[in-house]
Amino acid sequence: MLESGYVACRGLCDTPVMDVRPVIMARSLVKRFGDFTAVNGIDVEIVPGEAFGFLGPNGAGKTSTMRMIGCVSPVTDGDLRIFDLDPSTDGREIRGRMGVVPQLDQLDTELTVAENLLIYGRYFDISRRDCRAKADELIEFVQLAEKRDSKVDSLSGGQKRRVSIARSLINDPELLLLDEPTTGLDPQARHVLWDRLYQLKERGATQVITTHFMDEAEQLCDRLVVMDGGEIVAEGSPQGLITEHIRREVLEVRFGYGRNEQQLPALDGVGSRIEVLPDRLLIYDDDGDAALSELHRREIVPESALVRRSSLEDVFLKLTGRTLIE
Amino acid sequence: MHTIASLGPVRVYNREWTYFRLVWRTAVFGSVIQPLMYLMGIGLGIGELVDGGPAGPDALGGVSYFAFYATALIATTPMFVLGQESLWPTMDGFTWSRAHQAMIATPLSSRDVALGKGLYFGLRGLVAGAGVVLVLACFAETRSWGLIAAIPVGVLTGLSYAMAFAAWVATRDTDNSFSALLRIGIIPMFLFGGAFYPVDQLPPVLEAIARVTPIWHGIELCRGLVLGGLDPATGLLHLLVLLAFVTAGSIAASITFDRRLRP
Amino acid sequence: MNTHAVSLPLRIVPTAMLSIRRPQRMIERSAYVYRRGWLILLSGFFEPLLYLLSIRVGLSALVGDIEMGGRTFSYDEFVAPGLMAAAAMNGAVFECTANVFYKIKHSKLYEAVLATPMSAGDVALGEIGGAVVRSGLYAIAFAITMWALGLVASPWMVLAIPAAMLIGFTFASLGMALTTFMRSWEDFEYVPAITLPLFLFSTTFYPLSQYGEWAWMVGLSPLYHGVELVRAADLGVWDGSIIGHIAVLVGLSVVGLAVASRRIERLLLT
């Protein structure tokens, strides 16, 4: 069943495959803290083997959603089922079948890398012998063999993150929750992590990832929702969202701070849509180079010009009028 | 130039005073409530047993156990308070808040920082000693003008430990060993230094060791000042020993502070 | 399966307590931590031992004998079980106040544990259990020392070890419950303001008869009930009041555990 879900989904489908029972099903899910509504009635369905993303800026409600899915935060309203179980009554069983990588590492700082995995496995009631074998295998998998007996305090940020991932896998989870897995890491460490996560996906584990990095969402997710202010504003595959909401390429031009808007009349008709930011203009078009030639033809000379592939960042900008990372 | 140098310790002390106001609650507990509890719990309770014990009221040379124990608190309380005060807060100045480094970035010297610390310890000890004395003044058995004279003796006793501890803290990178230092360096002083019973009750070796500790000299002097029966020569000797400990500790602190703070 | 339908008696017992399955995992974790920190473990035993030695070499001779239950005991024989009980209290309080606060606020240990099948009740009982084990170890070490010094008056002394563990349980539960209400490290300054009077006024140093008209207040101290238990076992002098002492300690333990588990749930599962 896992395998079929995975195969069915690898073709970057826009809609979930309906013949598979969803791993996570949320209907009108709400989370309130006092007067503050963190999650405001979202619907999500995630099928086995899928890598599903929650993309949005800080405060969009991603972590609150993840905590509800992780059965460590009671649902305020709406329905949530995980593995077809109810988190309010079967939390223990659900948690036993998933792995969690929290936003900030919660490693046991008083223990070594190997002990962290070993003790964590014991919380799942895995025998000490199995824990040891599994811990060694996972330490190998995240390439930390030489740090096996070091205290986690002495590790770098990227290494700690890898320990967190290894630890979350100790119980062979069917579902992996990754809350901003690479925030705060340097580019090299991010790529190592992406590589490991991709391998895990190949093995068929369902992954739920939150991120505010569009490149991360593009790299890791088959399907994602864009969240803003506790609500879902768009849903689809990374490529699908780009083609649906904007064009394939972007021409970024700068005329100097605050002078970008004045150029708009002169640019009329260039590209399919123009977004004005304080420091630059974004011209969306299927062919960015063609748009740039058009600028040259009109003898408009910006301080700088750059053609790039459009990204989820641009989708987010279009949908909410704000950038992801402020 | 010279005025700045001599005012230096006062400036450092100013900062410490601000900090002190934040922890006055702890100070009241440590200097008034805690000694009062010991006095009621140990002084009165065990006192009743000792005074009615096999040696009778003469066990302590005609002094009641309550008075005997109470007078020791004038020395032990500043020792406890300054023992703690000289460890973590001093470490804080070097590592966590790096306030000491900030100070020597001004015209203050590392010696000013060390002696300013000492000045603050002295004030803190004064508050601690005054608290105990206030409590003792409430009991007829210990009410005497000698209490006033005993306060500075308590301060010197506390400083004997605090300056040495501060000197040692300046050589440390972590606070790992601090709890152990209190357990090994302070608690045995309290238990074996002559507060609970005369040190001649101890086995000879322990007695010899007890007689060279600052706490024993402090306790003996405080006791003599409050309860009488101390000849001036012995009293002067106790005072000189305490002064020697404080001076040695201050010199050590000046040296280690300088080493630590030198760029 | 509606949670509101849970019957009244079950509601009085917090759900966090009903969900206890494997608290022993937390003890297992502590064992790993202390494998490297055994020196810290050992140093906690040092202080009561020094008290005992100081009293033995110096104070015993001044105080003379103490009479209890028609028999006379030397003063160090009388004080030793009191110190043993106080050591159990201090060890448990240390383990379950500052340490627990650090794990809740700073290391986020419990958050990580609650993401696994472990429950808030498992965490609370597990941490308290760790403190109980520690109290038991201190008690054994202290009992051996007492025996070596010739201070064990009765073979019933073996029962002093479970008694010390019960004291550990009581103070660990109460300490942990209290800690869940603390906001900052400064609040911990109040802890010695509670433990010191308990240490001094729980018949640790002299018999209840000496408290005169204040004796009823001594009964309010949980440590007093513990001291009575340990002393009864050590000296072999006891009567029916033992049941009352045990009941008080067990009762306080259960209340502490219930409050602690519920509060941990409230604090971390939001």
# chains A, B, ... in the order shown; residues from 1 in each chain; ligands from 1
$ interface_residues --of "chain C" --to "chain B" --cutoff "10 Å" --atoms "only C-alpha atoms" --output "MDAnalysis selection string"
chainID C and resid 39:40 43:44 46:47 50:66 75 186 189:190 192:193 196:207 210:211
$ residues_around --residues "segment 209-225 of chain A" --least-positions-apart "5" --cutoff "8 Å" --atoms "only C-alpha atoms" --output "VMD selection string"
chain A and resid 9 to 10 12 to 14 50 to 58 62 to 63 177 to 181 183 194 197 to 198 232 to 239 311 to 313 324 to 325
$ select_by_dssp --residues "segment 130-296 of chain A" --states "strand (DSSP E)" --output "NGL selection string"
:A and (175-179 or 206-211 or 223-228 or 231-236 or 249-254 or 273-276 or 281-285)
$ residues_around --residues "Val169 of chain B" --least-positions-apart "4" --cutoff "12 Å" --atoms "only C-alpha atoms" --output "ChimeraX atom specification"
/B:83-95,114,162-165,173-178,181,252-253,256-257,260
$ atom_distance --atom1 "atom CA of Arg162 of chain A" --atom2 "atom CA of Val100 of chain A"
12.5 Å
$ residues_around --residues "Gly121 of chain C" --least-positions-apart "5" --cutoff "8 Å" --atoms "only C-alpha atoms" --output "list in words"
Ala16, Met17, Leu18, Ser19, Ile20, Pro23, Ser261 and Arg262 of chain C
$ write_last_selection --atoms "C-alpha atoms" --output "PDB file, in the first residue's frame"
ATOM      1  CA  ALA C  16      -2.371  12.483  33.096  1.00  0.00           C
ATOM      2  CA  MET C  17      -2.095  10.058  36.000  1.00  0.00           C
ATOM      3  CA  LEU C  18      -4.304   7.459  34.389  1.00  0.00           C
ATOM      4  CA  SER C  19      -2.067   7.432  31.344  1.00  0.00           C
ATOM      5  CA  ILE C  20       1.033   6.210  33.164  1.00  0.00           C
ATOM      6  CA  PRO C  23       7.782   5.824  33.743  1.00  0.00           C
ATOM      7  CA  SER C 261       1.473  15.444  35.978  1.00  0.00           C
ATOM      8  CA  ARG C 262      -1.469  17.688  35.364  1.00  0.00           C
TER       9      ARG C 262
END
$ select_by_dssp --residues "segment 141-171 of chain C" --states "alpha helix (DSSP H)" --output "list of chain:residue names"
C:Ala141, C:Phe142, C:Ala143, C:Ile144, C:Thr145, C:Met146, C:Trp147, C:Ala148, C:Ala160, C:Ile161, C:Pro162, C:Ala163, C:Ala164, C:Met165, C:Leu166, C:Ile167, C:Gly168, C:Phe169, C:Thr170, C:Phe171
$ interface_residues --of "chain A" --to "chain C" --cutoff "7 Å" --atoms "only C-alpha atoms" --output "ChimeraX atom specification"
/A:70,72-74,92-93,95-96,100,106,108,110-111,119,122-124
$ write_last_selection --atoms "C-alpha atoms" --output "compact mmCIF listing (two decimals), in the first residue's frame"
# COMPACT_ATOMS: atom_id res chain seq x y z
CA GLY A 70 2.06 15.38 16.31
CA VAL A 72 1.09 17.27 21.41
CA SER A 73 -1.49 20.02 21.02
CA PRO A 74 -5.24 19.47 21.41
CA ARG A 92 -0.04 7.41 22.28
CA GLU A 93 -0.47 4.96 19.41
CA ARG A 95 2.94 9.10 18.28
CA GLY A 96 4.40 5.62 18.37
CA VAL A 100 9.17 14.26 14.79
CA GLN A 106 15.26 19.25 21.54
CA ASP A 108 19.09 15.56 25.29
CA GLU A 110 23.22 15.62 28.91
CA LEU A 111 23.77 12.60 26.66
CA ILE A 119 17.19 6.42 25.08
CA ARG A 122 13.42 3.20 24.67
CA TYR A 123 10.59 5.75 24.92
CA PHE A 124 9.01 3.78 22.05
$ residues_around --residues "Phe171 of chain C" --least-positions-apart "3" --cutoff "6 Å" --atoms "only C-alpha atoms" --output "ChimeraX atom specification"
/C:89,92-93,168,174-175
$ write_last_selection --atoms "N, CA, C and O atoms" --output "tab-separated table (two decimals), in the first residue's frame"
chain	number	residue	atom	x	y	z
C	89	MET	N	15.25	13.81	51.97
C	89	MET	CA	14.48	14.99	51.56
C	89	MET	C	15.32	15.89	50.65
C	89	MET	O	14.88	16.27	49.57
C	92	ALA	N	15.96	14.50	47.13
C	92	ALA	CA	14.76	14.51	46.28
C	92	ALA	C	14.39	15.93	45.86
C	92	ALA	O	14.03	16.17	44.72
C	93	VAL	N	14.49	16.86	46.81
C	93	VAL	CA	14.12	18.24	46.49
C	93	VAL	C	15.06	18.79	45.42
C	93	VAL	O	14.63	19.42	44.46
C	168	GLY	N	11.69	10.32	50.05
C	168	GLY	CA	12.13	10.81	48.75
C	168	GLY	C	10.94	11.00	47.82
C	168	GLY	O	10.81	12.03	47.14
C	174	LEU	N	6.16	16.66	45.78
C	174	LEU	CA	5.80	18.02	46.18
C	174	LEU	C	6.72	19.03	45.50
C	174	LEU	O	6.26	20.08	45.03
C	175	GLY	N	8.01	18.70	45.44
C	175	GLY	CA	8.97	19.61	44.82
C	175	GLY	C	8.66	19.82	43.35
C	175	GLY	O	8.69	20.94	42.84
$ atom_distance --atom1 "atom CA of Gly157 of chain A" --atom2 "atom CA of Asp195 of chain A"
16.9 Å
$ atom_distance --atom1 "atom CA of Thr72 of chain C" --atom2 "atom CA of Ala160 of chain C"
19.7 Å
$ residues_around --residues "Leu118 of chain A" --least-positions-apart "3" --cutoff "8 Å" --atoms "only C-alpha atoms" --output "PyMOL selection string"
chain A and resi 114-115+121-122+128+131-132+135
$ write_last_selection --atoms "N, CA and C atoms" --output "mmCIF file, in the first residue's frame"
data_model
loop_
_atom_site.group_PDB
_atom_site.id
_atom_site.type_symbol
_atom_site.label_atom_id
_atom_site.label_comp_id
_atom_site.auth_asym_id
_atom_site.auth_seq_id
_atom_site.Cartn_x
_atom_site.Cartn_y
_atom_site.Cartn_z
ATOM 1 N N ALA A 114 24.991 8.789 20.472
ATOM 2 C CA ALA A 114 24.466 7.426 20.469
ATOM 3 C C ALA A 114 23.433 7.243 21.586
ATOM 4 N N GLU A 115 23.718 7.801 22.758
ATOM 5 C CA GLU A 115 22.779 7.663 23.883
ATOM 6 C C GLU A 115 21.458 8.364 23.589
ATOM 7 N N GLY A 121 14.772 5.689 21.607
ATOM 8 C CA GLY A 121 14.160 4.439 21.164
ATOM 9 C C GLY A 121 13.451 3.731 22.305
ATOM 10 N N ARG A 122 14.034 3.849 23.499
ATOM 11 C CA ARG A 122 13.420 3.199 24.667
ATOM 12 C C ARG A 122 12.066 3.821 24.988
ATOM 13 N N ARG A 128 16.434 -2.857 24.100
ATOM 14 C CA ARG A 128 17.726 -2.176 24.139
ATOM 15 C C ARG A 128 18.637 -2.662 23.004
ATOM 16 N N CYS A 131 17.518 -1.167 19.747
ATOM 17 C CA CYS A 131 17.854 0.264 19.763
ATOM 18 C C CYS A 131 19.310 0.472 19.384
ATOM 19 N N ARG A 132 20.174 -0.358 19.970
ATOM 20 C CA ARG A 132 21.604 -0.195 19.712
ATOM 21 C C ARG A 132 21.915 -0.393 18.231
ATOM 22 N N ALA A 135 20.433 2.428 16.230
ATOM 23 C CA ALA A 135 21.141 3.689 16.460
ATOM 24 C C ALA A 135 22.417 3.725 15.621
#
